[in-house]
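**Student:** Just so it is clear, I am handing over target-v8.cif, which has mmCIF, C-alpha atoms.
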data_start
#
loop_
_atom_site.label_atom_id
_atom_site.label_comp_id
_atom_site.auth_asym_id
_atom_site.auth_seq_id
_atom_site.Cartn_x
_atom_site.Cartn_y
_atom_site.Cartn_z
CA MET A 221 0.00 0.00 0.00
CA THR A 222 1.32 3.44 -0.93
CA ARG A 223 1.82 5.78 2.01
CA LEU A 224 0.73 9.39 1.50
CA HIS A 225 1.71 12.42 3.53
CA LEU A 226 -1.13 14.94 3.56
CA HIS A 227 -0.23 18.47 4.67
CA LEU A 228 -3.12 20.71 5.75
CA LEU A 229 -2.27 24.42 6.02
CA SER A 230 -4.76 26.99 7.27
CA ASP A 231 -4.53 30.62 8.33
CA SER A 232 -7.29 30.01 10.89
CA THR A 233 -8.31 27.06 13.08
CA GLY A 234 -8.20 24.61 10.16
CA GLU A 235 -11.56 23.10 11.08
CA THR A 236 -12.95 23.57 7.57
CA LEU A 237 -9.85 22.08 5.97
CA GLU A 238 -9.93 19.05 8.26
CA MET A 239 -13.57 18.39 7.37
CA ILE A 240 -12.83 18.62 3.64
CA ALA A 241 -9.90 16.23 3.96
CA LYS A 242 -11.91 13.81 6.09
CA ALA A 243 -14.80 13.76 3.62
CA ALA A 244 -12.47 13.15 0.67
CA LEU A 245 -10.44 10.42 2.39
CA ALA A 246 -13.63 8.61 3.42
CA GLN A 247 -14.03 7.62 -0.24
CA PHE A 248 -10.89 5.47 -0.09
CA ASP A 249 -10.67 2.14 1.74
CA ASP A 250 -7.72 1.47 4.03
CA ALA A 251 -5.76 4.47 2.76
CA ASP A 252 -2.38 4.79 4.50
CA VAL A 253 -2.43 8.56 5.00
CA ILE A 254 -0.31 10.47 7.48
CA ARG A 255 -1.82 13.89 8.19
CA HIS A 256 0.27 16.90 9.09
CA PHE A 257 -1.90 19.71 10.47
CA TRP A 258 -0.65 23.31 10.35
CA PRO A 259 -3.20 25.88 11.66
CA MET A 260 -2.81 29.65 12.12
CA VAL A 261 -0.27 30.08 9.30
CA ARG A 262 -0.11 33.88 9.06
CA SER A 263 3.52 34.78 8.54
CA GLN A 264 6.38 34.03 6.16
CA GLN A 265 8.51 32.85 9.09
CA HIS A 266 5.88 30.31 10.13
CA LEU A 267 5.56 29.08 6.56
CA ASP A 268 9.35 28.69 6.26
CA ARG A 269 9.39 26.39 9.30
CA ILE A 270 6.53 24.34 7.86
CA MET A 271 8.23 24.02 4.47
CA ALA A 272 11.16 22.26 6.11
CA GLU A 273 8.73 19.62 7.42
CA ILE A 274 6.99 19.36 4.04
CA ALA A 275 10.33 18.84 2.29
CA ALA A 276 11.21 16.09 4.76
CA ASN A 277 7.81 14.40 4.26
CA PRO A 278 6.76 15.15 0.67
CA GLY A 279 3.14 14.63 -0.27
CA LEU A 280 -0.09 16.45 -1.12
CA VAL A 281 -0.49 20.00 0.20
CA LEU A 282 -4.07 21.14 0.84
CA PHE A 283 -4.51 24.73 2.02
CA THR A 284 -6.90 27.54 2.89
CA LEU A 285 -4.77 30.69 2.93
CA VAL A 286 -6.15 34.11 2.00
CA ASN A 287 -2.94 36.15 2.22
CA ALA A 288 -1.75 36.47 -1.39
CA GLU A 289 1.97 36.66 -0.59
CA ILE A 290 1.95 33.62 1.71
CA ARG A 291 -0.05 31.66 -0.86
CA ARG A 292 2.34 32.60 -3.63
CA ARG A 293 5.37 31.59 -1.56
CA LEU A 294 3.80 28.25 -0.60
CA GLU A 295 2.89 27.40 -4.20
CA GLU A 296 6.33 28.41 -5.52
CA ARG A 297 8.23 26.34 -2.98
CA CYS A 298 5.97 23.31 -3.44
CA ARG A 299 6.38 23.61 -7.19
CA ALA A 300 10.17 23.58 -6.74
CA LEU A 301 9.81 20.39 -4.71
CA GLY A 302 7.52 18.86 -7.33
CA LEU A 303 4.60 18.65 -4.91
CA PRO A 304 0.93 19.25 -5.83
CA THR A 305 -1.02 21.98 -4.02
CA VAL A 306 -4.79 22.33 -3.79
CA PRO A 307 -6.48 25.58 -2.65
CA ALA A 308 -9.55 23.99 -1.08
CA LEU A 309 -11.96 26.94 -1.23
CA ASP A 310 -10.84 28.81 -4.35
CA ALA A 311 -13.41 27.38 -6.77
CA VAL A 312 -16.34 28.14 -4.47
CA THR A 313 -15.03 31.62 -3.62
CA ALA A 314 -14.53 32.49 -7.29
CA VAL A 315 -18.09 31.53 -8.22
CA LEU A 316 -19.48 33.49 -5.26
CA GLU A 317 -17.50 36.57 -6.28
CA ASP A 318 -18.95 36.32 -9.77
CA MET A 319 -22.53 35.77 -8.65
CA LEU A 320 -22.47 38.30 -5.79
CA GLY A 321 -20.63 40.91 -7.81
CA GLN A 322 -18.08 41.67 -5.11
CA GLN A 323 -14.54 40.74 -4.14
CA ALA A 324 -13.89 38.33 -1.27
CA LYS A 325 -12.51 40.12 1.81
CA ALA A 326 -9.42 37.88 2.10
CA ARG A 327 -9.44 38.01 5.90
CA PRO A 328 -8.51 34.83 7.75
CA GLY A 329 -10.94 33.33 10.25
CA ARG A 330 -13.95 35.48 9.36
CA GLN A 331 -16.27 32.52 9.99
CA HIS A 332 -15.12 32.58 13.63
CA MET A 333 -15.93 36.23 14.30
CA LEU A 334 -17.49 37.08 17.69
CA ASN A 335 -20.78 38.20 16.14
CA ASP A 336 -24.41 37.61 17.11
CA ALA A 337 -24.39 34.16 15.50
CA TYR A 338 -21.36 33.16 17.58
CA PHE A 339 -22.95 34.18 20.86
CA ALA A 340 -26.23 32.51 19.86
CA ARG A 341 -24.30 29.29 19.40
CA VAL A 342 -22.72 29.69 22.84
CA ASP A 343 -26.20 30.18 24.33
CA ALA A 344 -27.41 27.07 22.53
CA ILE A 345 -24.57 24.98 23.95
CA GLN A 346 -25.20 26.26 27.49
CA PHE A 347 -28.94 25.60 27.18
CA THR A 348 -28.39 22.08 25.84
CA ILE A 349 -25.95 21.09 28.59
CA ALA A 350 -28.37 22.42 31.22
CA HIS A 351 -31.29 20.44 29.75
CA ASP A 352 -29.72 17.03 29.28
CA ASP A 353 -31.45 13.81 30.33
CA GLY A 354 -34.79 15.37 31.29
CA ILE A 355 -33.34 18.12 33.50
CA ALA A 356 -35.11 21.49 33.82
CA TRP A 357 -38.21 20.43 31.88
CA GLU A 358 -39.90 23.65 32.99
CA ASP A 359 -37.85 25.49 30.34
CA TRP A 360 -38.51 23.15 27.41
CA GLU A 361 -40.75 25.69 25.70
CA ASP A 362 -37.61 27.77 25.11
CA ALA A 363 -35.94 24.91 23.21
CA ASP A 364 -35.78 24.63 19.43
CA ILE A 365 -35.79 20.83 19.54
CA VAL A 366 -36.62 18.17 22.13
CA LEU A 367 -35.22 14.68 21.54
CA ALA A 368 -36.98 11.72 23.17
CA GLY A 369 -35.90 8.09 23.24
CA VAL A 370 -35.04 5.13 25.44
CA SER A 371 -31.63 4.94 27.09
CA ARG A 372 -28.58 4.74 24.75
CA THR A 373 -30.24 6.01 21.59
CA SER A 374 -27.59 8.78 21.20
CA LYS A 375 -29.78 11.56 22.58
CA THR A 376 -27.00 13.42 24.39
CA PRO A 377 -24.29 13.34 21.68
CA THR A 378 -26.86 14.30 19.05
CA SER A 379 -28.03 17.16 21.26
CA ILE A 380 -24.49 18.45 21.71
CA TYR A 381 -23.81 18.22 17.98
CA LEU A 382 -26.98 20.18 17.23
CA ALA A 383 -26.08 22.76 19.88
CA ASN A 384 -22.79 23.36 18.10
CA ARG A 385 -24.89 24.13 15.03
CA GLY A 386 -26.80 26.75 17.03
CA TYR A 387 -29.92 24.81 18.10
CA LYS A 388 -31.18 24.84 21.68
CA VAL A 389 -31.89 21.19 22.43
CA ALA A 390 -33.38 19.36 25.39
CA ASN A 391 -33.59 15.59 25.64
CA ILE A 392 -35.68 13.21 27.72
CA PRO A 393 -35.26 9.47 28.34
CA ILE A 394 -38.38 7.40 27.78
CA VAL A 395 -38.75 4.97 30.69
CA VAL A 396 -41.70 2.58 30.92
CA GLU A 397 -41.96 2.86 34.70
CA SER A 398 -41.55 6.65 34.78
CA PRO A 399 -43.76 8.64 32.38
CA PRO A 400 -42.25 11.90 31.09
CA PRO A 401 -43.52 15.25 32.44
CA ALA A 402 -46.95 16.27 31.17
CA GLU A 403 -45.37 19.42 29.72
CA LEU A 404 -43.77 17.31 26.99
CA PHE A 405 -47.18 16.73 25.44
CA SER A 406 -48.23 20.39 25.40
CA LEU A 407 -45.15 22.03 23.88
CA ARG A 408 -46.00 24.58 21.20
CA ARG A 409 -42.71 26.04 19.93
CA PRO A 410 -40.15 23.18 19.96
CA LEU A 411 -40.07 20.28 17.53
CA VAL A 412 -40.24 16.98 19.41
CA VAL A 413 -38.38 14.15 17.66
CA GLY A 414 -38.40 10.51 18.72
CA LEU A 415 -35.19 8.49 18.41
CA THR A 416 -35.50 4.74 18.11
CA THR A 417 -33.24 1.81 17.28
CA ALA A 418 -33.32 -1.95 16.72
CA PRO A 419 -33.55 -3.86 20.03
CA ASP A 420 -30.60 -6.16 19.24
CA ARG A 421 -28.39 -3.20 18.45
CA LEU A 422 -29.57 -1.43 21.61
CA ILE A 423 -28.70 -4.47 23.73
CA GLN A 424 -25.21 -4.55 22.23
CA VAL A 425 -24.64 -0.85 22.97
CA ARG A 426 -25.94 -1.23 26.53
CA ARG A 427 -23.76 -4.26 27.20
CA ASN A 428 -20.70 -2.35 26.06
CA ARG A 429 -21.72 0.48 28.35
CA LEU A 430 -22.04 -1.86 31.34
CA LEU A 431 -18.66 -3.42 30.60
CA SER A 432 -17.04 0.01 30.41
CA LEU A 433 -18.45 0.67 33.90
CA SER A 434 -17.21 -2.73 35.16
CA GLN A 435 -20.78 -3.85 35.80
CA ALA A 436 -22.28 -7.28 35.12
CA PRO A 437 -23.78 -7.31 31.59
CA THR A 438 -26.72 -9.54 32.63
CA THR A 439 -29.20 -7.10 34.20
CA ASP A 440 -32.74 -6.20 33.13
CA TYR A 441 -31.11 -3.28 31.33
CA VAL A 442 -30.02 -5.73 28.60
CA ASP A 443 -32.75 -8.35 28.90
CA GLU A 444 -34.04 -9.08 25.39
CA ASP A 445 -37.77 -9.13 26.22
CA ARG A 446 -37.55 -6.06 28.42
CA VAL A 447 -35.60 -4.06 25.87
CA SER A 448 -38.09 -5.00 23.14
CA ARG A 449 -40.95 -3.78 25.34
CA GLU A 450 -39.09 -0.52 26.00
CA VAL A 451 -38.62 0.14 22.30
CA GLN A 452 -42.25 -0.77 21.52
CA PHE A 453 -43.47 1.51 24.34
CA ALA A 454 -41.43 4.43 23.02
CA ARG A 455 -42.57 3.92 19.43
CA ARG A 456 -46.19 3.79 20.53
CA LEU A 457 -45.70 7.00 22.51
CA PHE A 458 -44.21 8.74 19.46
CA ALA A 459 -47.02 7.54 17.20
CA ASP A 460 -49.77 8.52 19.66
CA ASN A 461 -48.41 12.09 19.76
CA GLY A 462 -47.66 12.43 16.06
CA TRP A 463 -43.95 13.07 16.62
CA PRO A 464 -41.54 12.37 13.75
CA VAL A 465 -39.28 9.40 14.38
CA ILE A 466 -35.68 8.75 13.35
CA ASP A 467 -34.23 5.23 13.46
CA VAL A 468 -30.61 5.63 14.59
CA THR A 469 -29.69 1.96 14.22
CA ARG A 470 -27.36 2.52 11.27
CA ARG A 471 -26.91 6.28 11.49
CA SER A 472 -23.92 8.22 12.71
CA ILE A 473 -24.46 11.16 15.07
CA GLU A 474 -23.89 13.51 12.14
CA GLU A 475 -26.48 11.73 9.98
CA THR A 476 -29.04 11.75 12.78
CA ALA A 477 -28.44 15.45 13.40
CA ALA A 478 -28.81 16.22 9.68
CA ALA A 479 -32.18 14.45 9.66
CA VAL A 480 -33.28 16.39 12.76
CA ILE A 481 -32.24 19.70 11.17
CA ARG A 482 -34.25 18.89 8.05
CA LEU A 483 -37.32 18.09 10.18
CA HIS A 484 -36.83 21.30 12.16
CA GLN A 485 -36.65 23.38 8.98
CA GLU A 486 -39.89 21.80 7.77
CA HIS A 487 -41.46 22.35 11.18
CA ARG A 488 -40.46 26.03 11.18
CA THR A 489 -41.78 26.49 7.65
CA ARG A 490 -45.13 25.04 8.65
CA GLY A 491 -45.17 27.29 11.71
CA GLU A 492 -44.62 30.37 9.57
CA SER A 493 -47.33 29.41 7.09
CA THR A 494 -49.92 28.26 9.65
CA ASP A 495 -50.25 28.61 13.40
CA ILE A 496 -46.98 29.03 15.26
CA GLY A 497 -48.16 26.49 17.78
CA ALA A 498 -48.99 23.80 15.26
CA LYS A 499 -48.32 20.32 16.63
CA PRO A 500 -45.33 18.58 14.96
CA ILE A 501 -46.14 15.71 12.65
#
Could you spell out this file's structure in structure tokens?
**Tutor:**
Amino acid sequence: MTRLHLHLLSDSTGETLEMIAKAALAQFDDADVIRHFWPMVRSQQHLDRIMAEIAANPGLVLFTLVNAEIRRRLEERCRALGLPTVPALDAVTAVLEDMLGQQAKARPGRQHMLNDAYFARVDAIQFTIAHDDGIAWEDWEDADIVLAGVSRTSKTPTSIYLANRGYKVANIPIVVESPPPAELFSLRRPLVVGLTTAPDRLIQVRRNRLLSLSQAPTTDYVDEDRVSREVQFARRLFADNGWPVIDVTRRSIEETAAAVIRLHQEHRTRGESTDIGAKPI
């Protein structure tokens, strides 16, 4: 197998570049790729130090640099080494300039500015952490989304992921012996989404959880009949209340969150075109 050194250079945090590289590499099975991550590249001196590492480990250079002089120097030196360079955002930026009729600002890290959207995201994260696992149900009306599901259906990680996208999320475990608060059934603003999964997969996840806690993996928590009844109870609850349901059995957290966001957008559109308090379907 051919080993590839992948150099990622960014003049900001490099989060965008990492996501692009991850998405592209996911299309290749068992690729032997060594990643070299270089964030906050904003000076010629910093670039010179990095070039020594690139020369010692030649490979593909992927970058998001807006400073014209630093870009030019990087491309020239890579060309001298016979290494390919890819400006990850250039094609998109060029089309946007053409369609918007204005020049890009060429300022690094503008997507991380401390603007209203940034502080709204911080508020969403704080709200979501404070409303995990059924806590503070009195404030659920202030949420954008409420996730419901039996234990270990990825409610918390999905909530945190959505919070990082700017959504205020609460989540509630569905327990047969302990009905959820009555307020859950009278919410007007938030979208309530049910998360479900296949019982056999749920048992596997719960057993792994018990083992990680050094507990015996033979309790009612993983009993096949009991788990099946839990899942059936939750699904019936979702159906009785007309809540949309997402099966997370074969979904990643990111895929589940994307499905929730789509449902929320539809829910908000319906709210704008009809009554704001319309019950989610």
**Student:** Mind telling me what the PyMOL selection byres ((chain A and resi 259) around 8) catches here, as number ranges by chain?
**Tutor:** A: 228-234, 257-258, 260-261
**Student:** Output C-alpha atoms for every residue in that selection, as a compact mmCIF listing (two decimals), in the coordinates of the input.
**Tutor:**
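Listing of out02.txt after writing:
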# COMPACT_ATOMS: atom_id res chain seq x y z
CA LEU A 228 -3.12 20.71 5.75
CA LEU A 229 -2.27 24.42 6.02
CA SER A 230 -4.76 26.99 7.27
CA ASP A 231 -4.53 30.62 8.33
CA SER A 232 -7.29 30.01 10.89
CA THR A 233 -8.31 27.06 13.08
CA GLY A 234 -8.20 24.61 10.16
CA PHE A 257 -1.90 19.71 10.47
CA TRP A 258 -0.65 23.31 10.35
CA MET A 260 -2.81 29.65 12.12
CA VAL A 261 -0.27 30.08 9.30
**Student:** Taking all atoms listed in the file into account, produce a table as CSV in which each residue of region 455-476 of chain A with an atom at most 12 Å from an atom of region 389-404 of chain A appears once, together with its shortest atom pair and the distance in Å to one decimal, ordered by chain and rising number.
**Tutor:**
residue,atom,partner,partner_atom,distance
A:Arg455,CA,A:Ile394,CA,10.0
A:Arg456,CA,A:Ile394,CA,11.3
A:Leu457,CA,A:Ile394,CA,9.0
A:Phe458,CA,A:Ile394,CA,10.2
A:Asn461,CA,A:Leu404,CA,10.1
A:Trp463,CA,A:Leu404,CA,11.2
**Student:** What is the distance between CA of Arg449 (chain A) and CA of Val370 (chain A), in Å to one decimal?
**Tutor:**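 Straight-line distance from CA of Arg449 (chain A) to CA of Val370 (chain A) works out to 10.7 Å.
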**Student:** I'd like the contact shell of Pro377 (chain A) - 10 Å cut-off, all atoms listed in the file, skipping same-chain residues fewer than 5 positions apart - returned as a PyMOL selection string.
**Tutor:** chain A and resi 382-383+473-474+477
**Student:** Go ahead and find all residues with at least one atom no further than 10 Å from (-38.2, 24.0, 15.4) in the file's coordinates, using all atoms listed in the file; report them as a short mmCIF file (atom, residue, chain, number, x, y, z; two decimals) with C-alpha atoms, in the coordinates of the input.
**Tutor:**
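Saved file point07.cif follows:
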data_model
loop_
_atom_site.label_atom_id
_atom_site.label_comp_id
_atom_site.auth_asym_id
_atom_site.auth_seq_id
_atom_site.Cartn_x
_atom_site.Cartn_y
_atom_site.Cartn_z
CA ALA A 363 -35.94 24.91 23.21
CA ASP A 364 -35.78 24.63 19.43
CA ILE A 365 -35.79 20.83 19.54
CA VAL A 366 -36.62 18.17 22.13
CA TYR A 387 -29.92 24.81 18.10
CA LYS A 388 -31.18 24.84 21.68
CA VAL A 389 -31.89 21.19 22.43
CA ARG A 408 -46.00 24.58 21.20
CA ARG A 409 -42.71 26.04 19.93
CA PRO A 410 -40.15 23.18 19.96
CA LEU A 411 -40.07 20.28 17.53
CA VAL A 412 -40.24 16.98 19.41
CA VAL A 480 -33.28 16.39 12.76
CA ILE A 481 -32.24 19.70 11.17
CA ARG A 482 -34.25 18.89 8.05
CA LEU A 483 -37.32 18.09 10.18
CA HIS A 484 -36.83 21.30 12.16
CA GLN A 485 -36.65 23.38 8.98
CA GLU A 486 -39.89 21.80 7.77
CA HIS A 487 -41.46 22.35 11.18
CA ARG A 488 -40.46 26.03 11.18
CA THR A 489 -41.78 26.49 7.65
CA ARG A 490 -45.13 25.04 8.65
CA GLY A 491 -45.17 27.29 11.71
CA PRO A 500 -45.33 18.58 14.96
#
**Student:** Restricting the calculation to only C-alpha atoms, which member of A:Leu226, A:Leu303, A:Ala478, A:Ile270 is positioned closest to Lys242 (chain A)?
**Tutor:**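 Result for the nearest residue to Lys242 (chain A): A:Leu226.
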**Student:** Hey, which of A:Arg372, A:Arg292, A:Arg471, A:His351 ends up closest to Val442 (chain A)? Count all atoms listed in the file.
**Tutor:**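 Of all the options, A:Arg372 lies closest to Val442 (chain A).
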**Student:** Around (-29.0, -2.1, 24.0) in the file's own coordinates, what residues are found within 10 Å if you use only C-alpha atoms, given back as a ChimeraX atom specification?
**Tutor:** /A:370-373,417-429,441-444,447-448
**Student:** Give me, as a ChimeraX atom specification, all polymer residues having an atom no more than 12 Å from Leu282 (chain A), counting all atoms listed in the file and skipping those fewer than 3 positions away in the same chain.
**Tutor:** /A:225-230,234,236-242,244,255-259,274,279,285,291,294-295,298,303-310
**Student:** So that I have them on file, write out the residues from the current selection with C-alpha atoms, as a PDB file, keeping the file's coordinate frame.
**Tutor:**
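Output (part_23.pdb):
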ATOM      1  CA  HIS A 225       1.710  12.420   3.530  1.00  0.00           C
ATOM      2  CA  LEU A 226      -1.130  14.940   3.560  1.00  0.00           C
ATOM      3  CA  HIS A 227      -0.230  18.470   4.670  1.00  0.00           C
ATOM      4  CA  LEU A 228      -3.120  20.710   5.750  1.00  0.00           C
ATOM      5  CA  LEU A 229      -2.270  24.420   6.020  1.00  0.00           C
ATOM      6  CA  SER A 230      -4.760  26.990   7.270  1.00  0.00           C
ATOM      7  CA  GLY A 234      -8.200  24.610  10.160  1.00  0.00           C
ATOM      8  CA  THR A 236     -12.950  23.570   7.570  1.00  0.00           C
ATOM      9  CA  LEU A 237      -9.850  22.080   5.970  1.00  0.00           C
ATOM     10  CA  GLU A 238      -9.930  19.050   8.260  1.00  0.00           C
ATOM     11  CA  MET A 239     -13.570  18.390   7.370  1.00  0.00           C
ATOM     12  CA  ILE A 240     -12.830  18.620   3.640  1.00  0.00           C
ATOM     13  CA  ALA A 241      -9.900  16.230   3.960  1.00  0.00           C
ATOM     14  CA  LYS A 242     -11.910  13.810   6.090  1.00  0.00           C
ATOM     15  CA  ALA A 244     -12.470  13.150   0.670  1.00  0.00           C
ATOM     16  CA  ARG A 255      -1.820  13.890   8.190  1.00  0.00           C
ATOM     17  CA  HIS A 256       0.270  16.900   9.090  1.00  0.00           C
ATOM     18  CA  PHE A 257      -1.900  19.710  10.470  1.00  0.00           C
ATOM     19  CA  TRP A 258      -0.650  23.310  10.350  1.00  0.00           C
ATOM     20  CA  PRO A 259      -3.200  25.880  11.660  1.00  0.00           C
ATOM     21  CA  ILE A 274       6.990  19.360   4.040  1.00  0.00           C
ATOM     22  CA  GLY A 279       3.140  14.630  -0.270  1.00  0.00           C
ATOM     23  CA  LEU A 285      -4.770  30.690   2.930  1.00  0.00           C
ATOM     24  CA  ARG A 291      -0.050  31.660  -0.860  1.00  0.00           C
ATOM     25  CA  LEU A 294       3.800  28.250  -0.600  1.00  0.00           C
ATOM     26  CA  GLU A 295       2.890  27.400  -4.200  1.00  0.00           C
ATOM     27  CA  CYS A 298       5.970  23.310  -3.440  1.00  0.00           C
ATOM     28  CA  LEU A 303       4.600  18.650  -4.910  1.00  0.00           C
ATOM     29  CA  PRO A 304       0.930  19.250  -5.830  1.00  0.00           C
ATOM     30  CA  THR A 305      -1.020  21.980  -4.020  1.00  0.00           C
ATOM     31  CA  VAL A 306      -4.790  22.330  -3.790  1.00  0.00           C
ATOM     32  CA  PRO A 307      -6.480  25.580  -2.650  1.00  0.00           C
ATOM     33  CA  ALA A 308      -9.550  23.990  -1.080  1.00  0.00           C
ATOM     34  CA  LEU A 309     -11.960  26.940  -1.230  1.00  0.00           C
ATOM     35  CA  ASP A 310     -10.840  28.810  -4.350  1.00  0.00           C
TER      36      ASP A 310
END
**Student:** How far is it from CA of Lys375 (chain A) to CA of Arg446 (chain A), in Å with one decimal?
**Tutor:**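 Separation of CA of Lys375 (chain A) and CA of Arg446 (chain A): 20.1 Å.
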